[in-house]
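Notes for the one structure printed next.
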Amino acid sequence: MSDLVIYSSANGVAVLTVNNPPVNALSPGVPEGILDGLQKAAQDPSVGAVVLIGGGRSFIAGADIKEFGKITSGEKKRGVGLAPLLAALEDSPKPVVAAIHGQAFGGGLEVAMACAYRVAIDAANVGQPEVKLGIIPGAGGTQRLPRLVGVEKAVAMCQFGDPVKVPAAHALGLIDAVLEGGLLEGAIAFAQGIAGKPVRRVRDRNEKLGTAAENAAIFAAARDAAAKRQRALMAPLAAIQAVEAATTLPFEDGIKEEGRLFQECLFSSQSKAMIHVFFGERTVAKIPDVPKETAVFPIRSAAIIGAGTMGGGIAMNYANAGIPVVLKETSQAALDKGVATIRKNYANSVAKGRFSQETMDRRMALITPTLSYDGFADADIIVEAVFEGMALKKEIFAEVDAIAKSDCILASNTSTLSIDEIASATKRPHMVIGHHFFSPANVMRLLEIVRGKSTSKEVIATSMALAKTLGKIGVLVGNCRGFVGNRMFGPYRREAQFLVEEGADIEAVDRVMYDFGMAMGPLQVGDLAGLDVGWRIRKEFRHLEVPGVRKPLLEDRLCEMGRYGQKTLGGWYAYDENRRPKRDPMVEELIVKVREQAGITPRAISEDEIRDRLLYALVNEGARILEEGMALRSVDIDIIYLNGYGFPPHRGGPMFHADITGIGKVYERIQEFHQQHGPLWTPAPLIERLAREGRTFAGFPYQESTHA
Ligand code: T1G
């Protein structure tokens, strides 16, 4: 018996405990260990039944996702998979009871469904989350699940991949018993109760497979939902098709169809991208020079300066996490407006059934509005979220530095300004850090954590842990202008304007990126965020502009006309009361006039050029960021773009997209743009180097950056 699966037996029941921390994935050796245990139980006449349970914090959380990369890269062949294990479980002469705590996900749930019975504690979750990796259940999940829970629920579970709590799973018939008290004891007692009794294999149960007419409606609705909510994704449609096969084909043929669809998805670029994202979201938490065991400060109370859109959203994040927060403004009117906005946001969530009125009341009670620094002296963290001006920020940091307790972290929500310069206004630069939230701060998952040159490791470790507490994905970035996300977004939005000036239609520019998978095109995004935000920053940095280098013209002109975007019901587009964009003749006229004034003869611009100029503007700046060590890894940049800028997960992120496209090809295209459009398209030296060395961004370690 391998030490991955531990065998014990007593009182007529054999217990197989999977011991593969941290999540009992079905890594090589685990299926084999369970098979050995089943054979041992079959040969032991004193054993009448078997319990399969997870050691540690969970049942089996699925196949080992790390193995997929080895299969798709050709490093290892996709063997027989779990089929022998599933057959052995299903045909075991001693009935097997799956005992579930923590998670039974993916292959874990598929293994459990091949068992005779499933019992669980009510705090556990079950599910088939494979679509979140761009694949589908590949071990019978799409064939057994509809036989246990019915077609409609099975389609939803496989198409969206969301977890189901055990009480609901029990009501559906997926779990046979919800156990109070000790799971193992309860499972052994349950096993003793069914030992020696006949078992109906799940594969032989067809009573829940519904009728052709019922199922036609179910699958049509599922496909409709996929078109609306899972645009361009391959796996959800494959999952629907596999479950449909369970209703039209004999079991074994259904299994074959599932296997065919699984293989198709596994080798797709979408799955490679989404698996890259799965591991990337965990990798960003690893800071090379801040070890896991670094001490963290407890964050039991917070204070926010500024109750505007950002400050109010940040205060909501703390209240949502159960952390009391003081919210300061400079005038009663501004404070009242900020609190009213928070109240409205919560009320909207209650109205949509996201949480109850008492949850809203509890969260509101955690927020204390103030016009003074009362309550700041005890705060464990103070977050500044005021107007994006350096003078004001330094004034505020000097004030709070004199008030805050010595171990209070001072964070700025600045989106572009230097953390080092802000820290210089305090006597505690080691306690100063950037916490750059993304608007709306209470919704967007991304938190750019900006490390100043003096920021201590404890403050960084605390910020990374706090991101998790606030339900954010924290990514540590360096202190350069615009940090990572906005620094790349500048060239991206600049190119969007240049393309329009050169002849591209504004809707074509937005549509190309929408079709690529972005949540919204670059011009619509500008209208959403407010064109005046960039305009103000350009004015703040006007003195740094290099004469003779081409600058975008149109958004300054739109702002001069008072067209800031959605907030003024007009920017690049006009907006109706439901904020639906439509073309505006005034903008068309402005574009013609600006082209004439700039002496530009408009030309037809292909979709390829639009897409490549926008994507490679991101990649070129991302390469500079990587080379300077302002991001620790290329995957950090990808995670920033997925969680802060609406980049599609099934494309993996801008740097992953470049790696998949081929750095050599990207470099050639950037060289073309450099010849056509001048110095703004100077290729980043790292791209030239990686192209020459045949390497990828993913293979460029922080140690090679100039900052290391
Ligand atoms: N394979 C390999 N590593 C995994 C893993 C998995 N399935 N799940 C987690 N890890 C690693 C993770 O990378 C991290 O590593 C550590 O475990 C802790 O994870 C055959 C084909 C179970 C809810 O999609 O959803 O089965 O960073 O930080 O927050 O048809 O992990 O420490 O080095 O996420 O407590 C289907 C994926 C697979 C489940 C626990 N299963 N995992 O969350 O810990 S495909 C999944 C999760 C499949 C079958 C198909 C979560 C969790 P490191 P963590 P957590």
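Every chain in the structure tokens has a letter given in the order shown (A, B, ...), and although residue numbers restart at 1 in each chain, ligands are simply numbered from 1 in the order shown.
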
If you run DSSP over the backbone, which residues in region 125-315 of chain A end up helix (DSSP H, G or I)? Put them as number ranges by chain. A: 129-133, 141-149, 151-160, 166-172, 183-194, 202-204, 212-229, 235-248, 251-266, 269-283, 309-315

Near-Phe437 (chain A) list (8 Å; only C-alpha atoms; drop same-chain fewer than 4 positions) as number ranges by chain: A: 310, 314, 413, 441, 444, 446-448

Show me which residues sit within 6 Å of ligand 1 when counting only C-alpha atoms and all ligand atoms, and put them as a PyMOL selection string. chain A and resi 22-23+25+61-66+105-107+129-130+137-139+279+282

Surrounding residues of Ser418 (chain A) excluding itself and chain neighbours under 6 positions, 8 Å, only C-alpha atoms, as a PDB file with C-alpha atoms, in the first residue's frame:
ATOM      1  CA  ASN A 479       6.821  51.745  -7.467  1.00  0.00           C
ATOM      2  CA  CYS A 480       6.976  53.054 -11.011  1.00  0.00           C
ATOM      3  CA  ARG A 481       4.598  55.557 -12.592  1.00  0.00           C
TER       4      ARG A 481
END

Among region 250-394 of chain A, which residues carry a DSSP assignment of strand (DSSP E or B), reported as an MDAnalysis selection string? chainID A and resid 287 290 302:305 325:328 367:370 381:384

Residues of region 244-354 of chain A within 10 Å of region 384-397 of chain A: nearest atom pair and distance (Å, one decimal) for each, counting only C-alpha atoms, sorted by chain and number, as JSON lines?
{"residue": "A:Ala303", "atom": "CA", "partner": "A:Glu384", "partner_atom": "CA", "distance": 8.5}
{"residue": "A:Ile304", "atom": "CA", "partner": "A:Glu384", "partner_atom": "CA", "distance": 5.9}
{"residue": "A:Ile305", "atom": "CA", "partner": "A:Glu384", "partner_atom": "CA", "distance": 4.8}
{"residue": "A:Gly306", "atom": "CA", "partner": "A:Val386", "partner_atom": "CA", "distance": 5.1}
{"residue": "A:Ala307", "atom": "CA", "partner": "A:Ala385", "partner_atom": "CA", "distance": 7.7}
{"residue": "A:Gly308", "atom": "CA", "partner": "A:Val386", "partner_atom": "CA", "distance": 7.6}
{"residue": "A:Thr309", "atom": "CA", "partner": "A:Ala385", "partner_atom": "CA", "distance": 9.1}
{"residue": "A:Met310", "atom": "CA", "partner": "A:Ala385", "partner_atom": "CA", "distance": 6.4}
{"residue": "A:Gly311", "atom": "CA", "partner": "A:Ala385", "partner_atom": "CA", "distance": 5.2}
{"residue": "A:Gly312", "atom": "CA", "partner": "A:Ala385", "partner_atom": "CA", "distance": 9.0}
{"residue": "A:Ile314", "atom": "CA", "partner": "A:Ala385", "partner_atom": "CA", "distance": 8.5}
{"residue": "A:Lys328", "atom": "CA", "partner": "A:Glu384", "partner_atom": "CA", "distance": 9.7}
{"residue": "A:Glu329", "atom": "CA", "partner": "A:Val386", "partner_atom": "CA", "distance": 9.3}

Could you save the residues just selected, with all heavy atoms, as a PDB file, in the first residue's frame?
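Saved to result27.pdb:
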ATOM      1  N   ALA A 303      -9.221  52.892   9.004  1.00  0.00           N
ATOM      2  CA  ALA A 303      -9.717  54.271   8.846  1.00  0.00           C
ATOM      3  C   ALA A 303      -9.426  54.695   7.413  1.00  0.00           C
ATOM      4  O   ALA A 303      -8.326  54.444   6.911  1.00  0.00           O
ATOM      5  CB  ALA A 303      -9.025  55.219   9.826  1.00  0.00           C
ATOM      6  N   ILE A 304     -10.445  55.250   6.759  1.00  0.00           N
ATOM      7  CA  ILE A 304     -10.312  55.634   5.346  1.00  0.00           C
ATOM      8  C   ILE A 304     -10.433  57.156   5.260  1.00  0.00           C
ATOM      9  O   ILE A 304     -11.355  57.742   5.864  1.00  0.00           O
ATOM     10  CB  ILE A 304     -11.449  55.019   4.489  1.00  0.00           C
ATOM     11  CG1 ILE A 304     -11.654  53.542   4.827  1.00  0.00           C
ATOM     12  CG2 ILE A 304     -11.183  55.239   3.003  1.00  0.00           C
ATOM     13  CD1 ILE A 304     -10.586  52.615   4.382  1.00  0.00           C
ATOM     14  N   ILE A 305      -9.541  57.761   4.486  1.00  0.00           N
ATOM     15  CA  ILE A 305      -9.623  59.214   4.275  1.00  0.00           C
ATOM     16  C   ILE A 305     -10.138  59.454   2.866  1.00  0.00           C
ATOM     17  O   ILE A 305      -9.492  59.083   1.883  1.00  0.00           O
ATOM     18  CB  ILE A 305      -8.243  59.874   4.444  1.00  0.00           C
ATOM     19  CG1 ILE A 305      -7.679  59.546   5.834  1.00  0.00           C
ATOM     20  CG2 ILE A 305      -8.356  61.387   4.273  1.00  0.00           C
ATOM     21  CD1 ILE A 305      -6.239  59.957   5.997  1.00  0.00           C
ATOM     22  N   GLY A 306     -11.342  60.024   2.801  1.00  0.00           N
ATOM     23  CA  GLY A 306     -11.961  60.260   1.493  1.00  0.00           C
ATOM     24  C   GLY A 306     -13.151  59.335   1.322  1.00  0.00           C
ATOM     25  O   GLY A 306     -12.979  58.118   1.325  1.00  0.00           O
ATOM     26  N   ALA A 307     -14.335  59.922   1.181  1.00  0.00           N
ATOM     27  CA  ALA A 307     -15.555  59.098   1.056  1.00  0.00           C
ATOM     28  C   ALA A 307     -16.119  59.227  -0.352  1.00  0.00           C
ATOM     29  O   ALA A 307     -17.322  59.114  -0.569  1.00  0.00           O
ATOM     30  CB  ALA A 307     -16.590  59.552   2.085  1.00  0.00           C
ATOM     31  N   GLY A 308     -15.243  59.432  -1.300  1.00  0.00           N
ATOM     32  CA  GLY A 308     -15.694  59.489  -2.700  1.00  0.00           C
ATOM     33  C   GLY A 308     -15.937  58.089  -3.224  1.00  0.00           C
ATOM     34  O   GLY A 308     -16.051  57.134  -2.437  1.00  0.00           O
ATOM     35  N   THR A 309     -15.986  57.941  -4.556  1.00  0.00           N
ATOM     36  CA  THR A 309     -16.265  56.630  -5.164  1.00  0.00           C
ATOM     37  C   THR A 309     -15.301  55.581  -4.633  1.00  0.00           C
ATOM     38  O   THR A 309     -15.707  54.513  -4.173  1.00  0.00           O
ATOM     39  CB  THR A 309     -16.093  56.733  -6.700  1.00  0.00           C
ATOM     40  OG1 THR A 309     -16.794  57.868  -7.147  1.00  0.00           O
ATOM     41  CG2 THR A 309     -16.577  55.480  -7.388  1.00  0.00           C
ATOM     42  N   MET A 310     -14.009  55.907  -4.617  1.00  0.00           N
ATOM     43  CA  MET A 310     -13.018  54.901  -4.189  1.00  0.00           C
ATOM     44  C   MET A 310     -13.057  54.701  -2.672  1.00  0.00           C
ATOM     45  O   MET A 310     -13.138  53.587  -2.176  1.00  0.00           O
ATOM     46  CB  MET A 310     -11.616  55.305  -4.645  1.00  0.00           C
ATOM     47  CG  MET A 310     -11.429  55.292  -6.138  1.00  0.00           C
ATOM     48  SD  MET A 310     -11.941  53.744  -6.924  1.00  0.00           S
ATOM     49  CE  MET A 310     -10.628  52.667  -6.384  1.00  0.00           C
ATOM     50  N   GLY A 311     -13.014  55.802  -1.921  1.00  0.00           N
ATOM     51  CA  GLY A 311     -12.990  55.675  -0.460  1.00  0.00           C
ATOM     52  C   GLY A 311     -14.203  54.941   0.063  1.00  0.00           C
ATOM     53  O   GLY A 311     -14.099  54.065   0.927  1.00  0.00           O
ATOM     54  N   GLY A 312     -15.367  55.234  -0.494  1.00  0.00           N
ATOM     55  CA  GLY A 312     -16.593  54.554  -0.068  1.00  0.00           C
ATOM     56  C   GLY A 312     -16.533  53.073  -0.396  1.00  0.00           C
ATOM     57  O   GLY A 312     -16.857  52.219   0.440  1.00  0.00           O
ATOM     58  N   ILE A 314     -13.837  51.271  -0.743  1.00  0.00           N
ATOM     59  CA  ILE A 314     -12.832  50.636   0.117  1.00  0.00           C
ATOM     60  C   ILE A 314     -13.407  50.401   1.509  1.00  0.00           C
ATOM     61  O   ILE A 314     -13.244  49.335   2.097  1.00  0.00           O
ATOM     62  CB  ILE A 314     -11.563  51.511   0.184  1.00  0.00           C
ATOM     63  CG1 ILE A 314     -10.899  51.591  -1.194  1.00  0.00           C
ATOM     64  CG2 ILE A 314     -10.579  50.948   1.216  1.00  0.00           C
ATOM     65  CD1 ILE A 314      -9.819  52.651  -1.304  1.00  0.00           C
ATOM     66  N   LYS A 328     -13.608  59.186   6.804  1.00  0.00           N
ATOM     67  CA  LYS A 328     -13.475  60.634   7.033  1.00  0.00           C
ATOM     68  C   LYS A 328     -13.641  61.421   5.735  1.00  0.00           C
ATOM     69  O   LYS A 328     -13.153  61.030   4.692  1.00  0.00           O
ATOM     70  CB  LYS A 328     -12.098  60.940   7.620  1.00  0.00           C
ATOM     71  CG  LYS A 328     -11.831  62.423   7.851  1.00  0.00           C
ATOM     72  CD  LYS A 328     -10.431  62.679   8.358  1.00  0.00           C
ATOM     73  CE  LYS A 328     -10.197  64.169   8.600  1.00  0.00           C
ATOM     74  NZ  LYS A 328     -10.274  64.965   7.344  1.00  0.00           N
ATOM     75  N   GLU A 329     -14.345  62.543   5.863  1.00  0.00           N
ATOM     76  CA  GLU A 329     -14.447  63.506   4.763  1.00  0.00           C
ATOM     77  C   GLU A 329     -14.179  64.888   5.331  1.00  0.00           C
ATOM     78  O   GLU A 329     -14.028  65.076   6.534  1.00  0.00           O
ATOM     79  CB  GLU A 329     -15.831  63.442   4.093  1.00  0.00           C
ATOM     80  CG  GLU A 329     -15.820  62.796   2.702  1.00  0.00           C
ATOM     81  CD  GLU A 329     -14.908  63.488   1.691  1.00  0.00           C
ATOM     82  OE1 GLU A 329     -14.440  64.630   1.935  1.00  0.00           O
ATOM     83  OE2 GLU A 329     -14.634  62.882   0.656  1.00  0.00           O
TER      84      GLU A 329
END

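Distances here use only C-alpha atoms; by that measure, the residue among A:Asp91, A:Asp659, A:Glu110, A:Asp638 closest to Met488 (chain A) is A:Asp638.
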
Mind giving me the straight-line distance from CA of Arg57 (chain A) to CA of Ile6 (chain A) in Å, one decimal?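 According to the coordinates, CA of Arg57 (chain A) and CA of Ile6 (chain A) are separated by 15.7 Å.
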
Nearest to Lys551 (chain A), chosen from A:Ala598, A:Val339, A:Leu52, A:Ala171, with only C-alpha atoms counted in the distances: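 Of A:Ala598, A:Val339, A:Leu52, A:Ala171, the one nearest Lys551 (chain A) is A:Ala598, counting only C-alpha atoms.
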
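By only C-alpha atoms, and with residues fewer than 4 positions from Gly29 (chain A) along its chain excluded, the set lying at most 9 Å from it is Ser2, Leu4, Val5, Gly33 and Ile34 of chain A.
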
Could you please take those selected residues and save N, CA, C and O atoms as a short mmCIF file (atom, residue, chain, number, x, y, z; two decimals), in the first residue's frame?
data_model
loop_
_atom_site.label_atom_id
_atom_site.label_comp_id
_atom_site.auth_asym_id
_atom_site.auth_seq_id
_atom_site.Cartn_x
_atom_site.Cartn_y
_atom_site.Cartn_z
N SER A 2 0.59 2.17 -0.88
CA SER A 2 1.42 3.40 -0.89
C SER A 2 1.06 4.23 0.32
O SER A 2 -0.03 4.07 0.89
N LEU A 4 0.23 7.07 0.14
CA LEU A 4 -0.74 8.05 -0.34
C LEU A 4 -2.15 7.63 0.03
O LEU A 4 -3.06 8.45 0.06
N VAL A 5 -2.32 6.32 0.26
CA VAL A 5 -3.63 5.82 0.68
C VAL A 5 -3.39 4.83 1.81
O VAL A 5 -2.62 3.89 1.67
N GLY A 33 -3.31 3.53 -5.21
CA GLY A 33 -3.41 3.20 -3.79
C GLY A 33 -4.82 2.78 -3.40
O GLY A 33 -5.03 1.84 -2.61
N ILE A 34 -5.81 3.45 -3.98
CA ILE A 34 -7.20 3.09 -3.67
C ILE A 34 -7.50 1.70 -4.23
O ILE A 34 -8.11 0.85 -3.57
#

CA of Leu82 (chain A) and CA of Glu264 (chain A) are how many Å apart?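 Rounded to one decimal, the two atoms are 17.8 Å apart.
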
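Using only C-alpha atoms, the smallest distance between any of A:Ala104, A:Ala114, A:Met630, A:Ile639 and Gln128 (chain A) comes from A:Ala104.
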
Compile a residue-level contact table for region 65-123 of chain A against region 188-199 of chain A at a cut-off of 10 Å, reporting for every qualifying residue the shortest atom pair and its distance in Å to one decimal, with only C-alpha atoms counted, rows ordered by chain and ascending number, as a Markdown table.
| residue | atom | partner | partner_atom | distance |
| --- | --- | --- | --- | --- |
| A:Glu90 | CA | A:Val199 | CA | 9.5 |
| A:Asp91 | CA | A:Val199 | CA | 9.7 |
| A:Pro93 | CA | A:Gly196 | CA | 9.0 |
| A:Lys94 | CA | A:Ala195 | CA | 7.2 |
| A:Pro95 | CA | A:Ala195 | CA | 6.8 |
| A:Val96 | CA | A:Ala191 | CA | 7.7 |
| A:Val97 | CA | A:Ala191 | CA | 6.4 |
| A:Ala98 | CA | A:Ala191 | CA | 9.7 |
| A:Ala99 | CA | A:Ile188 | CA | 9.1 |
| A:Cys115 | CA | A:Val199 | CA | 9.9 |
| A:Ala116 | CA | A:Val199 | CA | 6.4 |
| A:Tyr117 | CA | A:Ala191 | CA | 8.9 |
| A:Arg118 | CA | A:Phe190 | CA | 9.9 |
| A:Val119 | CA | A:Phe190 | CA | 8.3 |

Hey, can you spit out that residue selection with all heavy atoms as a short mmCIF file (atom, residue, chain, number, x, y, z; two decimals), in the first residue's frame?
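To be explicit, this is the file written out as again-v7.cif:
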data_model
loop_
_atom_site.label_atom_id
_atom_site.label_comp_id
_atom_site.auth_asym_id
_atom_site.auth_seq_id
_atom_site.Cartn_x
_atom_site.Cartn_y
_atom_site.Cartn_z
N GLU A 90 -17.14 0.59 -8.64
CA GLU A 90 -18.53 0.30 -9.00
C GLU A 90 -18.83 -1.19 -8.87
O GLU A 90 -19.92 -1.60 -8.49
CB GLU A 90 -18.75 0.75 -10.43
CG GLU A 90 -20.19 0.92 -10.83
CD GLU A 90 -20.31 1.82 -12.04
OE1 GLU A 90 -19.59 1.57 -13.04
OE2 GLU A 90 -21.08 2.78 -11.98
N ASP A 91 -17.82 -2.02 -9.16
CA ASP A 91 -18.06 -3.48 -9.16
C ASP A 91 -17.46 -4.14 -7.92
O ASP A 91 -17.34 -5.35 -7.86
CB ASP A 91 -17.47 -4.09 -10.44
CG ASP A 91 -18.14 -3.50 -11.67
OD1 ASP A 91 -19.35 -3.17 -11.56
OD2 ASP A 91 -17.46 -3.28 -12.69
N PRO A 93 -16.97 -6.06 -4.74
CA PRO A 93 -17.85 -7.02 -4.05
C PRO A 93 -18.23 -6.54 -2.66
O PRO A 93 -19.25 -6.90 -2.11
CB PRO A 93 -16.98 -8.28 -3.97
CG PRO A 93 -15.57 -7.83 -4.10
CD PRO A 93 -15.60 -6.58 -4.93
N LYS A 94 -17.42 -5.67 -2.10
CA LYS A 94 -17.74 -5.05 -0.78
C LYS A 94 -18.17 -3.62 -1.08
O LYS A 94 -17.34 -2.82 -1.53
CB LYS A 94 -16.53 -5.08 0.14
CG LYS A 94 -15.73 -6.39 0.13
CD LYS A 94 -16.42 -7.49 0.91
CE LYS A 94 -15.66 -8.81 0.85
NZ LYS A 94 -14.48 -8.90 1.71
N PRO A 95 -19.42 -3.26 -0.85
CA PRO A 95 -19.87 -1.92 -1.24
C PRO A 95 -19.03 -0.82 -0.60
O PRO A 95 -18.63 -0.92 0.55
CB PRO A 95 -21.31 -1.86 -0.74
CG PRO A 95 -21.47 -2.97 0.22
CD PRO A 95 -20.48 -4.02 -0.15
N VAL A 96 -18.74 0.24 -1.41
CA VAL A 96 -17.87 1.34 -0.96
C VAL A 96 -18.74 2.55 -0.63
O VAL A 96 -19.63 2.93 -1.39
CB VAL A 96 -16.84 1.71 -2.04
CG1 VAL A 96 -15.87 2.77 -1.50
CG2 VAL A 96 -16.08 0.47 -2.49
N VAL A 97 -18.45 3.16 0.54
CA VAL A 97 -19.15 4.38 0.97
C VAL A 97 -18.14 5.53 0.92
O VAL A 97 -17.10 5.47 1.59
CB VAL A 97 -19.68 4.23 2.40
CG1 VAL A 97 -20.33 5.54 2.88
CG2 VAL A 97 -20.65 3.06 2.49
N ALA A 98 -18.42 6.55 0.11
CA ALA A 98 -17.55 7.75 0.07
C ALA A 98 -17.96 8.65 1.23
O ALA A 98 -19.14 8.97 1.38
CB ALA A 98 -17.71 8.49 -1.25
N ALA A 99 -17.00 9.04 2.07
CA ALA A 99 -17.27 9.88 3.24
C ALA A 99 -16.66 11.25 3.00
O ALA A 99 -15.43 11.37 2.92
CB ALA A 99 -16.68 9.25 4.49
N CYS A 115 -18.93 5.15 -6.30
CA CYS A 115 -19.11 4.34 -5.08
C CYS A 115 -20.59 3.97 -4.94
O CYS A 115 -21.47 4.55 -5.57
CB CYS A 115 -18.68 5.14 -3.84
SG CYS A 115 -16.93 5.50 -3.82
N ALA A 116 -20.83 3.01 -4.05
CA ALA A 116 -22.22 2.57 -3.85
C ALA A 116 -23.03 3.66 -3.16
O ALA A 116 -24.19 3.89 -3.47
CB ALA A 116 -22.21 1.31 -3.00
N TYR A 117 -22.38 4.36 -2.22
CA TYR A 117 -23.09 5.40 -1.46
C TYR A 117 -22.15 6.59 -1.21
O TYR A 117 -20.93 6.46 -1.27
CB TYR A 117 -23.56 4.85 -0.10
CG TYR A 117 -24.57 3.74 -0.21
CD1 TYR A 117 -24.13 2.40 -0.19
CD2 TYR A 117 -25.92 3.99 -0.36
CE1 TYR A 117 -25.04 1.36 -0.33
CE2 TYR A 117 -26.85 2.96 -0.49
CZ TYR A 117 -26.39 1.63 -0.48
OH TYR A 117 -27.30 0.61 -0.63
N ARG A 118 -22.79 7.73 -0.88
CA ARG A 118 -22.04 8.93 -0.54
C ARG A 118 -22.67 9.50 0.74
O ARG A 118 -23.87 9.75 0.78
CB ARG A 118 -22.14 9.98 -1.66
CG ARG A 118 -21.36 9.61 -2.92
CD ARG A 118 -22.02 10.09 -4.17
NE ARG A 118 -23.32 9.43 -4.36
CZ ARG A 118 -23.48 8.18 -4.76
NH1 ARG A 118 -22.41 7.41 -4.97
NH2 ARG A 118 -24.68 7.66 -4.92
N VAL A 119 -21.82 9.70 1.77
CA VAL A 119 -22.28 10.37 2.99
C VAL A 119 -21.36 11.56 3.21
O VAL A 119 -20.23 11.59 2.70
CB VAL A 119 -22.25 9.41 4.19
CG1 VAL A 119 -23.15 8.22 3.95
CG2 VAL A 119 -20.83 8.97 4.51
#

Shell around Arg536 (chain A) at 12 Å using only C-alpha atoms, local window under 6 positions removed, as a ChimeraX atom specification: /A:387-389,416,530,542,555-556,559-560,564

Would you write out those residues with all heavy atoms, as a compact mmCIF listing (two decimals), in the first residue's frame?
# COMPACT_ATOMS: atom_id res chain seq x y z
N PHE A 387 -8.20 62.92 -3.76
CA PHE A 387 -7.89 63.42 -5.10
C PHE A 387 -6.45 63.08 -5.48
O PHE A 387 -5.55 63.09 -4.62
CB PHE A 387 -8.09 64.94 -5.05
CG PHE A 387 -7.57 65.68 -6.24
CD1 PHE A 387 -8.30 65.72 -7.42
CD2 PHE A 387 -6.33 66.30 -6.20
CE1 PHE A 387 -7.81 66.41 -8.52
CE2 PHE A 387 -5.83 66.98 -7.30
CZ PHE A 387 -6.57 67.04 -8.47
N GLU A 388 -6.22 62.74 -6.73
CA GLU A 388 -4.93 62.24 -7.21
C GLU A 388 -3.94 63.41 -7.39
O GLU A 388 -3.52 63.75 -8.48
CB GLU A 388 -5.16 61.49 -8.52
CG GLU A 388 -4.02 60.59 -8.96
CD GLU A 388 -3.80 59.39 -8.04
OE1 GLU A 388 -4.49 59.27 -7.00
OE2 GLU A 388 -2.92 58.59 -8.34
N GLY A 389 -3.58 64.03 -6.27
CA GLY A 389 -2.60 65.12 -6.33
C GLY A 389 -1.54 64.89 -5.27
O GLY A 389 -1.87 64.63 -4.10
N THR A 416 -1.34 56.14 -9.55
CA THR A 416 -0.14 56.34 -10.39
C THR A 416 1.02 57.00 -9.64
O THR A 416 2.15 56.91 -10.07
CB THR A 416 -0.46 57.32 -11.54
OG1 THR A 416 -1.16 58.42 -10.98
CG2 THR A 416 -1.28 56.70 -12.65
N GLY A 530 -14.35 57.45 -17.11
CA GLY A 530 -14.36 58.93 -17.10
C GLY A 530 -13.13 59.43 -17.84
O GLY A 530 -12.01 59.24 -17.38
N ARG A 542 2.17 67.04 -17.65
CA ARG A 542 2.44 67.73 -18.92
C ARG A 542 3.94 68.06 -19.03
O ARG A 542 4.54 67.93 -20.07
CB ARG A 542 1.59 68.99 -18.99
CG ARG A 542 1.25 69.54 -20.35
CD ARG A 542 0.40 68.69 -21.26
NE ARG A 542 -1.06 68.93 -21.22
CZ ARG A 542 -1.93 68.06 -21.72
NH1 ARG A 542 -1.53 66.90 -22.20
NH2 ARG A 542 -3.23 68.32 -21.69
N GLU A 555 -9.09 62.69 -26.98
CA GLU A 555 -9.74 62.69 -25.66
C GLU A 555 -9.57 64.02 -24.95
O GLU A 555 -10.46 64.45 -24.22
CB GLU A 555 -9.24 61.51 -24.81
CG GLU A 555 -9.80 60.20 -25.35
CD GLU A 555 -9.60 59.00 -24.45
OE1 GLU A 555 -8.87 59.09 -23.43
OE2 GLU A 555 -10.21 57.95 -24.77
N ASP A 556 -8.46 64.71 -25.19
CA ASP A 556 -8.33 66.07 -24.64
C ASP A 556 -9.44 66.94 -25.22
O ASP A 556 -10.09 67.71 -24.49
CB ASP A 556 -6.97 66.67 -24.99
CG ASP A 556 -5.86 66.10 -24.10
OD1 ASP A 556 -6.17 65.17 -23.33
OD2 ASP A 556 -4.73 66.57 -24.18
N CYS A 559 -12.75 66.13 -23.69
CA CYS A 559 -12.84 66.69 -22.32
C CYS A 559 -13.05 68.19 -22.36
O CYS A 559 -13.83 68.74 -21.59
CB CYS A 559 -11.59 66.35 -21.53
SG CYS A 559 -11.51 64.60 -21.09
N GLU A 560 -12.36 68.86 -23.28
CA GLU A 560 -12.54 70.33 -23.39
C GLU A 560 -13.99 70.66 -23.72
O GLU A 560 -14.52 71.70 -23.35
CB GLU A 560 -11.61 70.90 -24.47
CG GLU A 560 -10.15 70.99 -24.03
CD GLU A 560 -9.18 70.91 -25.22
OE1 GLU A 560 -9.65 71.07 -26.37
OE2 GLU A 560 -7.97 70.65 -24.99
N TYR A 564 -17.09 63.84 -20.73
CA TYR A 564 -16.24 62.98 -19.90
C TYR A 564 -16.62 61.51 -20.02
O TYR A 564 -15.97 60.66 -19.43
CB TYR A 564 -16.32 63.40 -18.44
CG TYR A 564 -15.78 64.78 -18.14
CD1 TYR A 564 -16.09 65.44 -16.96
CD2 TYR A 564 -14.96 65.46 -19.05
CE1 TYR A 564 -15.61 66.71 -16.68
CE2 TYR A 564 -14.48 66.73 -18.78
CZ TYR A 564 -14.81 67.36 -17.60
OH TYR A 564 -14.33 68.61 -17.33

Near Ala235 (chain A), within 7 Å and counting only C-alpha atoms, which residues show up once chain neighbours fewer than 3 positions away are dropped, as number ranges by chain? A: 131, 134-136, 238-239, 265
